[in-house]
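*Asks:* File my_file32.tsv below, TSV, C-alpha atoms:
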```tsv
chain	number	residue	atom	x	y	z
G	1	MET	CA	0.00	0.00	0.00
G	2	LEU	CA	1.32	3.43	-0.88
G	3	THR	CA	1.35	6.07	1.80
G	4	GLY	CA	1.32	9.82	1.56
G	5	CYS	CA	5.05	9.91	2.17
G	6	ALA	CA	5.91	7.16	-0.25
G	7	VAL	CA	4.07	8.84	-3.05
G	8	ARG	CA	5.58	12.19	-2.17
G	9	LEU	CA	8.99	10.83	-3.08
G	10	THR	CA	7.85	10.71	-6.68
G	11	HIS	CA	5.99	14.00	-6.56
G	12	THR	CA	8.66	16.36	-7.84
G	13	ARG	CA	9.44	14.13	-10.76
G	14	GLN	CA	5.78	13.64	-11.59
G	15	LEU	CA	4.76	17.26	-11.52
G	16	GLN	CA	7.67	18.37	-13.61
G	17	ASN	CA	7.39	17.65	-17.26
G	18	ASP	CA	9.50	14.54	-17.61
G	19	HIS	CA	6.57	12.21	-18.18
G	20	ALA	CA	6.88	10.63	-21.60
G	21	MET	CA	3.84	12.37	-23.09
G	22	PRO	CA	2.27	15.73	-22.37
G	23	LEU	CA	-0.77	15.38	-20.12
G	24	THR	CA	-4.13	17.08	-20.16
G	25	ARG	CA	-4.72	17.99	-16.54
G	26	TYR	CA	-7.64	19.46	-14.65
G	27	TYR	CA	-5.99	21.21	-11.68
G	28	THR	CA	-8.39	22.94	-9.30
G	29	ALA	CA	-9.41	23.65	-5.74
G	30	THR	CA	-12.61	22.13	-4.44
G	31	THR	CA	-14.58	21.96	-1.24
G	32	LEU	CA	-14.82	18.58	0.51
G	33	ASP	CA	-18.32	18.26	-0.96
G	34	GLY	CA	-17.22	18.92	-4.53
G	35	PHE	CA	-17.83	22.57	-5.31
G	36	ILE	CA	-15.30	24.76	-7.12
G	37	ALA	CA	-17.19	27.99	-6.41
G	38	ASP	CA	-20.05	28.95	-4.15
G	39	PRO	CA	-23.49	29.80	-5.59
G	40	THR	CA	-22.46	33.47	-6.03
G	41	GLN	CA	-19.22	32.44	-7.86
G	42	SER	CA	-17.21	33.46	-4.81
G	43	LEU	CA	-13.94	31.74	-3.85
G	44	GLU	CA	-13.88	33.31	-0.39
G	45	TRP	CA	-13.97	29.78	1.08
G	46	LEU	CA	-10.69	29.10	-0.75
G	47	PHE	CA	-8.58	32.21	-0.27
G	48	THR	CA	-8.89	32.17	3.50
G	49	ARG	CA	-6.83	28.93	3.74
G	50	GLU	CA	-3.13	28.37	4.33
G	51	GLN	CA	-0.90	26.62	1.84
G	52	ASN	CA	2.81	26.09	1.34
G	53	THR	CA	3.68	27.34	-2.13
G	54	ASP	CA	6.71	25.02	-2.15
G	55	GLY	CA	4.71	22.07	-0.82
G	56	PRO	CA	3.15	19.01	-2.45
G	57	LEU	CA	1.37	19.54	-5.76
G	58	ALA	CA	2.24	23.23	-5.61
G	59	TYR	CA	0.89	25.51	-8.31
G	60	LYS	CA	4.28	26.91	-9.30
G	61	THR	CA	5.66	23.44	-10.02
G	62	PHE	CA	2.50	22.51	-11.87
G	63	ILE	CA	2.34	25.65	-14.02
G	64	ALA	CA	6.03	25.38	-14.94
G	65	ALA	CA	5.16	22.22	-16.90
G	66	VAL	CA	2.14	23.73	-18.67
G	67	GLY	CA	2.31	24.85	-22.31
G	68	ALA	CA	-1.29	25.84	-23.02
G	69	LEU	CA	-4.58	26.55	-21.22
G	70	VAL	CA	-8.22	25.86	-21.88
G	71	MET	CA	-11.15	27.22	-19.89
G	72	GLY	CA	-14.85	27.93	-20.07
G	73	ALA	CA	-16.47	31.33	-20.37
G	74	THR	CA	-17.44	31.58	-16.69
G	75	THR	CA	-13.90	30.83	-15.55
G	76	TYR	CA	-12.50	33.32	-18.07
G	77	GLU	CA	-14.83	36.08	-16.95
G	78	TRP	CA	-14.05	35.37	-13.31
G	79	ILE	CA	-10.29	35.73	-13.91
G	80	VAL	CA	-10.71	38.94	-15.94
G	81	ARG	CA	-12.91	40.41	-13.21
G	82	HIS	CA	-10.62	39.46	-10.32
G	83	GLU	CA	-7.22	40.17	-11.85
G	84	HIS	CA	-8.12	43.83	-12.51
G	85	GLY	CA	-7.23	43.74	-16.19
G	86	GLU	CA	-3.87	41.99	-15.73
G	87	TRP	CA	-4.07	38.63	-17.49
G	88	PRO	CA	-1.92	36.33	-15.32
G	89	TYR	CA	-0.71	33.90	-18.01
G	90	ASP	CA	1.71	34.26	-20.89
G	91	LEU	CA	0.58	31.02	-22.51
G	92	PRO	CA	-1.75	30.27	-25.41
G	93	CYS	CA	-5.27	30.01	-24.04
G	94	TRP	CA	-8.49	28.74	-25.62
G	95	VAL	CA	-11.75	29.95	-24.13
G	96	PHE	CA	-14.84	27.85	-24.91
G	97	THR	CA	-17.78	30.18	-25.26
G	98	HIS	CA	-20.99	30.64	-27.19
G	99	ARG	CA	-20.97	34.34	-26.38
G	100	GLU	CA	-18.76	37.19	-27.53
G	101	LEU	CA	-16.28	38.11	-24.80
G	102	PRO	CA	-13.63	40.83	-24.53
G	103	ILE	CA	-10.16	39.49	-25.36
G	104	VAL	CA	-7.75	40.85	-22.76
G	105	HIS	CA	-4.49	39.28	-23.99
G	106	GLU	CA	-3.04	38.55	-27.41
G	107	ARG	CA	-2.62	34.82	-26.71
G	108	ILE	CA	-6.33	34.26	-25.92
G	109	GLN	CA	-8.57	32.68	-28.55
G	110	LEU	CA	-12.32	32.26	-28.26
G	111	THR	CA	-13.75	29.05	-29.69
G	112	ARG	CA	-17.05	27.25	-30.07
G	113	ASP	CA	-15.51	24.31	-31.92
G	114	ASP	CA	-15.70	20.67	-30.91
G	115	VAL	CA	-13.50	19.91	-27.89
G	116	ALA	CA	-11.60	17.16	-29.71
G	117	ASP	CA	-10.72	19.47	-32.59
G	118	VAL	CA	-9.62	22.19	-30.20
G	119	HIS	CA	-7.66	19.67	-28.13
G	120	ALA	CA	-5.58	18.76	-31.17
G	121	ARG	CA	-4.74	22.43	-31.74
G	122	VAL	CA	-3.98	22.99	-28.05
G	123	CYS	CA	-1.67	19.96	-28.02
G	124	ALA	CA	0.20	21.32	-31.03
G	125	ALA	CA	0.60	24.68	-29.28
G	126	ALA	CA	1.72	23.08	-26.00
G	127	GLY	CA	4.41	21.04	-27.74
G	128	GLU	CA	6.06	18.81	-25.16
G	129	ARG	CA	4.35	20.58	-22.29
G	130	ASP	CA	1.08	19.86	-20.51
G	131	ILE	CA	-2.39	21.26	-21.07
G	132	TRP	CA	-4.22	22.79	-18.13
G	133	ILE	CA	-7.99	22.70	-18.03
G	134	VAL	CA	-8.46	25.63	-15.67
G	135	GLY	CA	-12.24	25.11	-15.31
G	136	GLY	CA	-15.07	24.79	-15.04
G	137	GLY	CA	-16.19	21.34	-14.14
G	138	ASP	CA	-18.40	20.80	-17.14
G	139	LEU	CA	-15.59	21.63	-19.58
G	140	ALA	CA	-13.31	19.14	-17.81
G	141	GLY	CA	-16.19	16.68	-18.11
G	142	GLN	CA	-16.47	17.28	-21.85
G	143	PHE	CA	-12.79	16.39	-22.22
G	144	ALA	CA	-13.32	13.29	-20.07
G	145	ASP	CA	-16.31	12.29	-22.23
G	146	ARG	CA	-14.04	12.25	-25.27
G	147	GLY	CA	-11.24	10.34	-23.54
G	148	LEU	CA	-8.99	13.41	-23.59
G	149	LEU	CA	-8.54	14.00	-19.85
G	150	ASP	CA	-5.46	12.40	-18.26
G	151	GLU	CA	-5.39	13.70	-14.70
G	152	VAL	CA	-7.48	15.43	-12.07
G	153	ILE	CA	-5.47	17.26	-9.40
G	154	VAL	CA	-7.47	18.67	-6.49
G	155	TYR	CA	-6.73	20.90	-3.53
G	156	ILE	CA	-9.52	19.95	-1.16
G	157	ALA	CA	-10.36	22.86	1.16
G	158	PRO	CA	-11.56	21.96	4.68
G	159	VAL	CA	-15.13	23.12	4.24
G	160	THR	CA	-18.46	21.97	2.88
G	161	LEU	CA	-20.81	24.41	1.15
G	162	GLY	CA	-23.81	22.32	0.21
G	163	ALA	CA	-24.26	24.16	-3.10
G	164	GLY	CA	-22.25	25.78	-5.85
G	165	ALA	CA	-20.48	25.03	-9.13
G	166	PRO	CA	-19.78	21.29	-9.38
G	167	LEU	CA	-16.24	19.86	-9.57
G	168	LEU	CA	-16.88	17.35	-12.36
G	169	PRO	CA	-20.56	16.79	-13.15
G	170	ARG	CA	-20.54	13.26	-14.56
G	171	ARG	CA	-19.28	9.81	-13.71
G	172	VAL	CA	-15.50	9.65	-14.12
G	173	GLU	CA	-13.46	6.71	-12.85
G	174	LEU	CA	-10.18	7.75	-11.23
G	175	ARG	CA	-7.08	6.15	-9.74
G	176	LEU	CA	-5.38	7.80	-6.76
G	177	GLU	CA	-1.75	8.45	-7.72
G	178	GLU	CA	-0.59	10.88	-5.06
G	179	LEU	CA	-1.92	12.17	-1.75
G	180	ALA	CA	-0.40	14.70	0.61
G	181	ARG	CA	-1.27	17.46	2.95
G	182	ASN	CA	-0.39	21.01	1.92
G	183	GLY	CA	-1.19	23.52	4.65
G	184	ASP	CA	-4.94	23.41	5.32
G	185	PHE	CA	-5.58	21.32	2.21
G	186	ALA	CA	-5.77	17.63	1.37
G	187	CYS	CA	-4.17	17.43	-2.06
G	188	ALA	CA	-4.69	14.51	-4.41
G	189	ARG	CA	-3.58	13.63	-7.91
G	190	TYR	CA	-5.74	11.16	-9.84
G	191	GLY	CA	-5.23	9.42	-13.15
G	192	VAL	CA	-8.39	9.13	-15.26
G	193	VAL	CA	-9.30	5.47	-15.88
G	194	ARG	CA	-10.44	5.02	-19.48
N	1	MET	CA	3.69	21.27	7.73
N	2	LEU	CA	2.25	17.90	8.57
N	3	THR	CA	2.53	15.14	6.03
N	4	GLY	CA	0.45	12.04	5.53
N	5	CYS	CA	3.08	10.01	7.36
N	6	ALA	CA	3.51	12.41	10.24
N	7	VAL	CA	-0.18	12.42	10.98
N	8	ARG	CA	-0.41	8.65	10.64
N	9	LEU	CA	1.81	8.33	13.69
N	10	THR	CA	-1.00	9.69	15.80
N	11	HIS	CA	-3.75	7.77	14.07
N	12	THR	CA	-4.01	4.70	16.29
N	13	ARG	CA	-4.17	6.79	19.41
N	14	GLN	CA	-6.73	9.17	17.93
N	15	LEU	CA	-9.17	6.60	16.62
N	16	GLN	CA	-9.19	4.63	19.81
N	17	ASN	CA	-11.25	6.07	22.57
N	18	ASP	CA	-8.63	7.76	24.70
N	19	HIS	CA	-9.68	11.28	23.81
N	20	ALA	CA	-10.80	13.06	26.94
N	21	MET	CA	-14.45	13.36	25.93
N	22	PRO	CA	-16.63	11.13	23.79
N	23	LEU	CA	-16.96	12.51	20.26
N	24	THR	CA	-19.89	12.73	17.90
N	25	ARG	CA	-18.50	11.58	14.60
N	26	TYR	CA	-19.85	11.40	11.08
N	27	TYR	CA	-17.88	8.55	9.48
N	28	THR	CA	-18.76	7.82	5.87
N	29	ALA	CA	-17.56	7.06	2.39
N	30	THR	CA	-18.00	9.69	-0.29
N	31	THR	CA	-17.16	10.20	-3.93
N	32	LEU	CA	-14.57	12.85	-4.78
N	33	ASP	CA	-17.46	15.13	-5.74
N	34	GLY	CA	-19.28	14.71	-2.44
N	35	PHE	CA	-21.95	12.06	-2.90
N	36	ILE	CA	-22.58	9.29	-0.36
N	37	ALA	CA	-24.92	7.34	-2.67
N	38	ASP	CA	-25.76	7.51	-6.34
N	39	PRO	CA	-29.19	8.76	-7.51
N	40	THR	CA	-30.63	5.22	-7.22
N	41	GLN	CA	-29.25	4.84	-3.65
N	42	SER	CA	-26.64	2.39	-4.94
N	43	LEU	CA	-23.20	2.09	-3.37
N	44	GLU	CA	-21.83	0.08	-6.29
N	45	TRP	CA	-19.24	2.84	-6.82
N	46	LEU	CA	-17.99	2.13	-3.26
N	47	PHE	CA	-17.94	-1.65	-2.91
N	48	THR	CA	-15.79	-2.15	-5.99
N	49	ARG	CA	-12.78	-0.48	-4.31
N	50	GLU	CA	-9.85	-1.94	-2.40
N	51	GLN	CA	-9.13	-1.08	1.21
N	52	ASN	CA	-6.88	-2.37	3.96
N	53	THR	CA	-9.09	-3.22	6.93
N	54	ASP	CA	-6.08	-2.74	9.23
N	55	GLY	CA	-5.04	0.50	7.52
N	56	PRO	CA	-5.47	4.17	8.41
N	57	LEU	CA	-8.88	5.23	9.74
N	58	ALA	CA	-10.08	1.63	9.47
N	59	TYR	CA	-13.70	0.86	10.30
N	60	LYS	CA	-12.91	-1.80	12.89
N	61	THR	CA	-10.76	0.58	14.93
N	62	PHE	CA	-13.40	3.28	14.60
N	63	ILE	CA	-16.37	1.11	15.57
N	64	ALA	CA	-14.50	-0.32	18.58
N	65	ALA	CA	-14.70	3.16	20.14
N	66	VAL	CA	-18.39	3.71	19.36
N	67	GLY	CA	-21.05	3.36	22.06
N	68	ALA	CA	-24.21	4.42	20.22
N	69	LEU	CA	-25.50	5.10	16.71
N	70	VAL	CA	-27.81	7.61	15.10
N	71	MET	CA	-29.07	7.52	11.52
N	72	GLY	CA	-31.82	8.80	9.27
N	73	ALA	CA	-34.69	6.76	7.86
N	74	THR	CA	-33.15	6.34	4.40
N	75	THR	CA	-29.88	5.02	5.83
N	76	TYR	CA	-31.80	2.67	8.15
N	77	GLU	CA	-33.92	1.27	5.34
N	78	TRP	CA	-30.85	0.81	3.16
N	79	ILE	CA	-29.08	-1.22	5.87
N	80	VAL	CA	-32.17	-3.36	6.56
N	81	ARG	CA	-32.58	-4.05	2.85
N	82	HIS	CA	-28.93	-4.91	2.21
N	83	GLU	CA	-28.14	-6.91	5.33
N	84	HIS	CA	-30.91	-9.43	4.61
N	85	GLY	CA	-32.55	-9.12	8.01
N	86	GLU	CA	-29.33	-9.37	10.03
N	87	TRP	CA	-28.88	-6.09	11.89
N	88	PRO	CA	-25.09	-5.62	11.96
N	89	TYR	CA	-24.77	-3.65	15.23
N	90	ASP	CA	-25.23	-4.59	18.86
N	91	LEU	CA	-25.32	-0.98	20.02
N	92	PRO	CA	-28.16	1.35	20.96
N	93	CYS	CA	-29.37	3.04	17.78
N	94	TRP	CA	-31.70	6.00	17.26
N	95	VAL	CA	-33.39	6.31	13.89
N	96	PHE	CA	-34.74	9.76	13.00
N	97	THR	CA	-37.91	9.29	11.03
N	98	HIS	CA	-41.31	10.85	10.46
N	99	ARG	CA	-42.64	7.53	9.17
N	100	GLU	CA	-43.39	4.25	10.87
N	101	LEU	CA	-40.63	1.74	10.10
N	102	PRO	CA	-40.17	-1.93	11.02
N	103	ILE	CA	-37.86	-2.34	14.03
N	104	VAL	CA	-35.46	-5.18	13.26
N	105	HIS	CA	-33.45	-5.23	16.51
N	106	GLU	CA	-34.29	-4.68	20.15
N	107	ARG	CA	-31.77	-1.85	20.57
N	108	ILE	CA	-33.28	0.30	17.80
N	109	GLN	CA	-35.50	3.25	18.72
N	110	LEU	CA	-37.42	5.41	16.28
N	111	THR	CA	-37.59	9.10	17.11
N	112	ARG	CA	-38.95	12.31	15.72
N	113	ASP	CA	-37.69	14.41	18.62
N	114	ASP	CA	-35.39	17.41	18.40
N	115	VAL	CA	-31.80	16.39	17.57
N	116	ALA	CA	-30.39	18.15	20.66
N	117	ASP	CA	-32.76	16.30	22.98
N	118	VAL	CA	-31.96	12.99	21.31
N	119	HIS	CA	-28.24	13.77	21.39
N	120	ALA	CA	-28.37	14.09	25.18
N	121	ARG	CA	-30.00	10.67	25.44
N	122	VAL	CA	-27.55	9.12	22.97
N	123	CYS	CA	-24.61	10.55	24.93
N	124	ALA	CA	-25.96	9.03	28.13
N	125	ALA	CA	-26.32	5.66	26.42
N	126	ALA	CA	-22.82	5.83	24.88
N	127	GLY	CA	-21.21	6.58	28.23
N	128	GLU	CA	-17.51	7.18	27.66
N	129	ARG	CA	-17.68	5.96	24.09
N	130	ASP	CA	-18.25	7.85	20.85
N	131	ILE	CA	-21.44	8.49	18.89
N	132	TRP	CA	-21.51	7.53	15.25
N	133	ILE	CA	-23.74	9.46	12.87
N	134	VAL	CA	-24.04	6.77	10.22
N	135	GLY	CA	-25.90	9.00	7.74
N	136	GLY	CA	-27.32	10.61	5.83
N	137	GLY	CA	-25.75	13.93	5.11
N	138	ASP	CA	-28.68	16.06	6.17
N	139	LEU	CA	-28.87	14.42	9.60
N	140	ALA	CA	-25.13	15.07	10.09
N	141	GLY	CA	-25.87	18.64	9.04
N	142	GLN	CA	-28.64	18.97	11.63
N	143	PHE	CA	-26.15	17.97	14.33
N	144	ALA	CA	-23.64	20.48	12.93
N	145	ASP	CA	-26.32	23.21	12.94
N	146	ARG	CA	-26.75	22.68	16.68
N	147	GLY	CA	-23.01	22.61	17.42
N	148	LEU	CA	-23.17	18.89	18.25
N	149	LEU	CA	-20.90	17.46	15.54
N	150	ASP	CA	-17.24	17.01	16.51
N	151	GLU	CA	-15.64	15.20	13.58
N	152	VAL	CA	-16.17	14.27	9.95
N	153	ILE	CA	-14.21	11.22	8.79
N	154	VAL	CA	-14.37	10.46	5.08
N	155	TYR	CA	-13.19	7.66	2.83
N	156	ILE	CA	-12.99	9.39	-0.52
N	157	ALA	CA	-13.53	6.91	-3.35
N	158	PRO	CA	-11.67	7.62	-6.61
N	159	VAL	CA	-14.71	8.46	-8.69
N	160	THR	CA	-17.03	11.34	-9.47
N	161	LEU	CA	-20.76	10.74	-10.04
N	162	GLY	CA	-22.15	14.19	-10.77
N	163	ALA	CA	-25.36	13.47	-8.84
N	164	GLY	CA	-26.62	11.60	-5.79
N	165	ALA	CA	-27.15	12.00	-2.06
N	166	PRO	CA	-25.02	14.88	-0.73
N	167	LEU	CA	-22.26	14.37	1.84
N	168	LEU	CA	-23.13	17.34	4.06
N	169	PRO	CA	-25.60	19.79	2.52
N	170	ARG	CA	-24.72	23.03	4.29
N	171	ARG	CA	-21.69	25.17	5.06
N	172	VAL	CA	-19.54	23.53	7.70
N	173	GLU	CA	-16.04	24.78	8.53
N	174	LEU	CA	-13.53	21.97	9.10
N	175	ARG	CA	-9.92	21.52	10.15
N	176	LEU	CA	-7.85	18.71	8.60
N	177	GLU	CA	-6.54	16.55	11.45
N	178	GLU	CA	-5.39	13.41	9.66
N	179	LEU	CA	-4.82	12.36	6.05
N	180	ALA	CA	-3.69	9.01	4.71
N	181	ARG	CA	-4.15	6.66	1.84
N	182	ASN	CA	-5.99	3.41	2.51
N	183	GLY	CA	-6.06	1.18	-0.57
N	184	ASP	CA	-7.91	3.00	-3.34
N	185	PHE	CA	-9.17	5.66	-0.94
N	186	ALA	CA	-7.97	9.04	0.27
N	187	CYS	CA	-9.00	9.07	3.93
N	188	ALA	CA	-9.32	12.23	5.97
N	189	ARG	CA	-10.35	13.09	9.50
N	190	TYR	CA	-11.62	16.61	10.12
N	191	GLY	CA	-12.49	18.47	13.27
N	192	VAL	CA	-15.57	20.67	13.03
N	193	VAL	CA	-14.72	24.33	13.64
N	194	ARG	CA	-17.38	25.97	15.78
```
Kindly transcribe the structure held in the file into C-alpha cells.

*Replies:*
Amino acid sequence: MLTGCAVRLTHTRQLQNDHAMPLTRYYTATTLDGFIADPTQSLEWLFTREQNTDGPLAYKTFIAAVGALVMGATTYEWIVRHEHGEWPYDLPCWVFTHRELPIVHERIQLTRDDVADVHARVCAAAGERDIWIVGGGDLAGQFADRGLLDEVIVYIAPVTLGAGAPLLPRRVELRLEELARNGDFACARYGVVR
Amino acid sequence: MLTGCAVRLTHTRQLQNDHAMPLTRYYTATTLDGFIADPTQSLEWLFTREQNTDGPLAYKTFIAAVGALVMGATTYEWIVRHEHGEWPYDLPCWVFTHRELPIVHERIQLTRDDVADVHARVCAAAGERDIWIVGGGDLAGQFADRGLLDEVIVYIAPVTLGAGAPLLPRRVELRLEELARNGDFACARYGVVR
C-alpha cells in the first residue's frame, strides 16, 4: 500500500514535465463536498486557507510544466474580473464560449468548436508541455467524455458548502496516484481510468 | 507542515477512545465530488474499491470506540434491505424518522424528537464511548447546525458521479486533522470548527 510519504517521493518528478507524453490535466481547488465555487461564484472559502507554495502539488511546479490553457467562459470572466485587467498567463489560451467576450491578452482565442478538434490544436501549441484545463467542471467533463482527460489534481479545502459550481458533473473513474497534505488542504492527484 | 506520514503516527491513538471526551462523529464514504450514494441509492461505486481493513482510519478501529449510533430513515432502510434481516450492530441506535418503520433489533429506537434532545439521550447511552452518525448527510448537518458534531471522517472513493445524495448539505467549517491513503481511498479526518 502506498502512503502519503511514499508517493511524495515521486511528486517532484511527476509534476515536472518529464513524463513521456504531455498530459491534459484538470488542476483545481474544491470543497470537501465537490464545489469549485459557491453559488455566487465566490472563492472566499478558498482564499482564507493556508498553503505552502513550495509544498506538495504546488501551483508553481505545476504551471512550470504547462504549455497551453483551456477554460470555459465563466472561468475566463471570473479571472478577468478578479485580476483587474492583468491577465496572469503568458501562454496560449483557448476559451470555450458561445458568447462574444472581450479578449484581454493577445494569446487568448475564443472558440465554439468541438473539444476534440480544439484539443488537437492545443496539443500542437503546447508542444512537449502539458495542457491545463483551468475550469469549469463541465468543460473538464467534456474532455473526459471524449477520452482526452489524463489527470485530475485537487486541492480539497476543509469546508463543505452544500451548493455551488460542481467539480466534475458526470461519472469519471479515477485512480489515486498521489496524496499529501499542503497547509490546510488535502491534495490529491488522480489518473483518469479510461 | 504535517505530512500524511507524520499524521499517521497519531492515528491509532486518535481513533481509539482515549480522547478526553466522547466525540460525535460522522464517518462515511464519499465520492470525490461529495456524494454518499448515487441517484438510485446504490453504493456500487464504493464496494468495488480496495481497502486495507487494518489500515489508516479503518472501520474496525473506529467502531471499537463507538457506544451508540444515530441515523436517518433512508440510511436505516438501506441497511435493513442490504443486510438481509441481520442487523449488523449490537449498540443502541436511534433512527430519525417521520414515518413508521419496522424495528429489526431490540436496541433500535425510532424518534422524531429534536436532535439536541436525542443527542443528550444518545450521549448518556454511549457513556464514555463515541457516537456515530451513520448518515445521511442532512442528519449530520442537523447535528452540525446545533453545534453537536465534533468530527467528519471520510473515505474518498476515486470516482465522481455528478449526482446523488449529498455528503453534508450546508456550510460547515472543518480543520484537517489526519490524512492518509488506505487502498484505493484518500481518507481524511476533520475536526468541526465551531

*Asks:* If you measure from CA of Ala140 (chain G) to CA of Ser42 (chain N), what distance in Å do you get, rounded to one decimal?

*Replies:*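 Answer for the CA of Ala140 (chain G) to CA of Ser42 (chain N) separation: 25.0 Å.
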
*Asks:* Using all atoms listed in the file, which residues sit within 9 Å of Arg129 (chain N) once same-chain residues fewer than 5 positions away are excluded, as a PyMOL selection string?

*Replies:* chain N and resi 17+21-23+64-68+123

*Asks:* Any chance you can output those residues with C-alpha atoms as an mmCIF file, keeping the file's coordinate frame?

*Replies:*
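Result written to out.cif:
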```
data_model
loop_
_atom_site.group_PDB
_atom_site.id
_atom_site.type_symbol
_atom_site.label_atom_id
_atom_site.label_comp_id
_atom_site.auth_asym_id
_atom_site.auth_seq_id
_atom_site.Cartn_x
_atom_site.Cartn_y
_atom_site.Cartn_z
ATOM 1 C CA ASN N 17 -11.250 6.070 22.570
ATOM 2 C CA MET N 21 -14.450 13.360 25.930
ATOM 3 C CA PRO N 22 -16.630 11.130 23.790
ATOM 4 C CA LEU N 23 -16.960 12.510 20.260
ATOM 5 C CA ALA N 64 -14.500 -0.320 18.580
ATOM 6 C CA ALA N 65 -14.700 3.160 20.140
ATOM 7 C CA VAL N 66 -18.390 3.710 19.360
ATOM 8 C CA GLY N 67 -21.050 3.360 22.060
ATOM 9 C CA ALA N 68 -24.210 4.420 20.220
ATOM 10 C CA CYS N 123 -24.610 10.550 24.930
#
```

*Asks:* Got a sec to pull out which chain G residues are within 7 Å of chain N, counting all atoms listed in the file, and send them as a PDB file with C-alpha atoms, in the coordinates of the input?

*Replies:*
```pdb
ATOM      1  CA  MET G   1       0.000   0.000   0.000  1.00  0.00           C
ATOM      2  CA  LEU G   2       1.320   3.430  -0.880  1.00  0.00           C
ATOM      3  CA  THR G   3       1.350   6.070   1.800  1.00  0.00           C
ATOM      4  CA  GLY G   4       1.320   9.820   1.560  1.00  0.00           C
ATOM      5  CA  CYS G   5       5.050   9.910   2.170  1.00  0.00           C
ATOM      6  CA  LEU G  32     -14.820  18.580   0.510  1.00  0.00           C
ATOM      7  CA  ASP G  33     -18.320  18.260  -0.960  1.00  0.00           C
ATOM      8  CA  GLY G  34     -17.220  18.920  -4.530  1.00  0.00           C
ATOM      9  CA  PRO G 158     -11.560  21.960   4.680  1.00  0.00           C
ATOM     10  CA  VAL G 159     -15.130  23.120   4.240  1.00  0.00           C
ATOM     11  CA  THR G 160     -18.460  21.970   2.880  1.00  0.00           C
ATOM     12  CA  LEU G 161     -20.810  24.410   1.150  1.00  0.00           C
ATOM     13  CA  GLY G 162     -23.810  22.320   0.210  1.00  0.00           C
ATOM     14  CA  LEU G 167     -16.240  19.860  -9.570  1.00  0.00           C
ATOM     15  CA  LEU G 168     -16.880  17.350 -12.360  1.00  0.00           C
ATOM     16  CA  PRO G 169     -20.560  16.790 -13.150  1.00  0.00           C
ATOM     17  CA  ARG G 170     -20.540  13.260 -14.560  1.00  0.00           C
ATOM     18  CA  ARG G 171     -19.280   9.810 -13.710  1.00  0.00           C
ATOM     19  CA  VAL G 172     -15.500   9.650 -14.120  1.00  0.00           C
ATOM     20  CA  GLU G 173     -13.460   6.710 -12.850  1.00  0.00           C
ATOM     21  CA  LEU G 174     -10.180   7.750 -11.230  1.00  0.00           C
ATOM     22  CA  ARG G 175      -7.080   6.150  -9.740  1.00  0.00           C
ATOM     23  CA  LEU G 176      -5.380   7.800  -6.760  1.00  0.00           C
ATOM     24  CA  LEU G 179      -1.920  12.170  -1.750  1.00  0.00           C
ATOM     25  CA  ALA G 180      -0.400  14.700   0.610  1.00  0.00           C
ATOM     26  CA  ARG G 181      -1.270  17.460   2.950  1.00  0.00           C
ATOM     27  CA  GLY G 183      -1.190  23.520   4.650  1.00  0.00           C
ATOM     28  CA  ASP G 184      -4.940  23.410   5.320  1.00  0.00           C
TER      29      ASP G 184
END
```

*Asks:* How big is the axis-aligned box, and where does its centre sit, when it encloses all atoms of region 70-76 of chain G listed in the file and has 5 Å added on every side, reported in Å to one decimal as AutoDock Vina command-line options?

*Replies:*
```
--center_x -12.8 --center_y 29.6 --center_z -18.7 --size_x 19.2 --size_y 17.5 --size_z 16.3
```

*Asks:* Between CA of Arg25 (chain G) and CA of Trp132 (chain G), measure the distance and give it in Å to one decimal.

*Replies:*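 Separating CA of Arg25 (chain G) from CA of Trp132 (chain G) is a distance of 5.1 Å.
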
*Asks:* Of the candidates N:Pro92, N:Gly147, N:Gly164, N:Gly85, which one gets nearest to Ala116 (chain N) if we count only C-alpha atoms?

*Replies:*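 Going through N:Pro92, N:Gly147, N:Gly164, N:Gly85 one by one, the smallest distance to Ala116 (chain N) is for N:Gly147.
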
*Asks:* Quick one: pull the distance between CA of Ile131 (chain N) and CA of Gln109 (chain N), Å, one decimal.

*Replies:*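 A separation of 15.0 Å between them.
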
*Asks:* Do a neighbour search on His119 (chain N) at 9 Å with all atoms listed in the file, toss out local chain neighbours closer than 4 positions, and write the hits as a list in words.

*Replies:*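 Non-adjacent residues within range: Val70, Asp114, Val115, Cys123, Ala124, Ile131, Phe143 and Leu148 of chain N.
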
*Asks:* With C-alpha atoms kept, could you save the residues just selected as a tab-separated table (two decimals), keeping the file's coordinate frame?

*Replies:*
```
chain	number	residue	atom	x	y	z
N	70	VAL	CA	-27.81	7.61	15.10
N	114	ASP	CA	-35.39	17.41	18.40
N	115	VAL	CA	-31.80	16.39	17.57
N	123	CYS	CA	-24.61	10.55	24.93
N	124	ALA	CA	-25.96	9.03	28.13
N	131	ILE	CA	-21.44	8.49	18.89
N	143	PHE	CA	-26.15	17.97	14.33
N	148	LEU	CA	-23.17	18.89	18.25
```

*Asks:* Which is closest to Leu57 (chain G) among G:Arg189, G:Arg194, G:Arg121, G:His105, if we use all atoms listed in the file?

*Replies:*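 Checking each of G:Arg189, G:Arg194, G:Arg121, G:His105 against Leu57 (chain G), counting all atoms listed in the file, the winner is G:Arg189.
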
*Asks:* Compare G:Val134, G:Ala29, G:Val122, G:Leu139 by their minimum atom-to-atom distance to Tyr76 (chain G), counting only C-alpha atoms, and give me the closest one.

*Replies:*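 When distances to Tyr76 (chain G) are compared using only C-alpha atoms, the smallest one comes from G:Val134.
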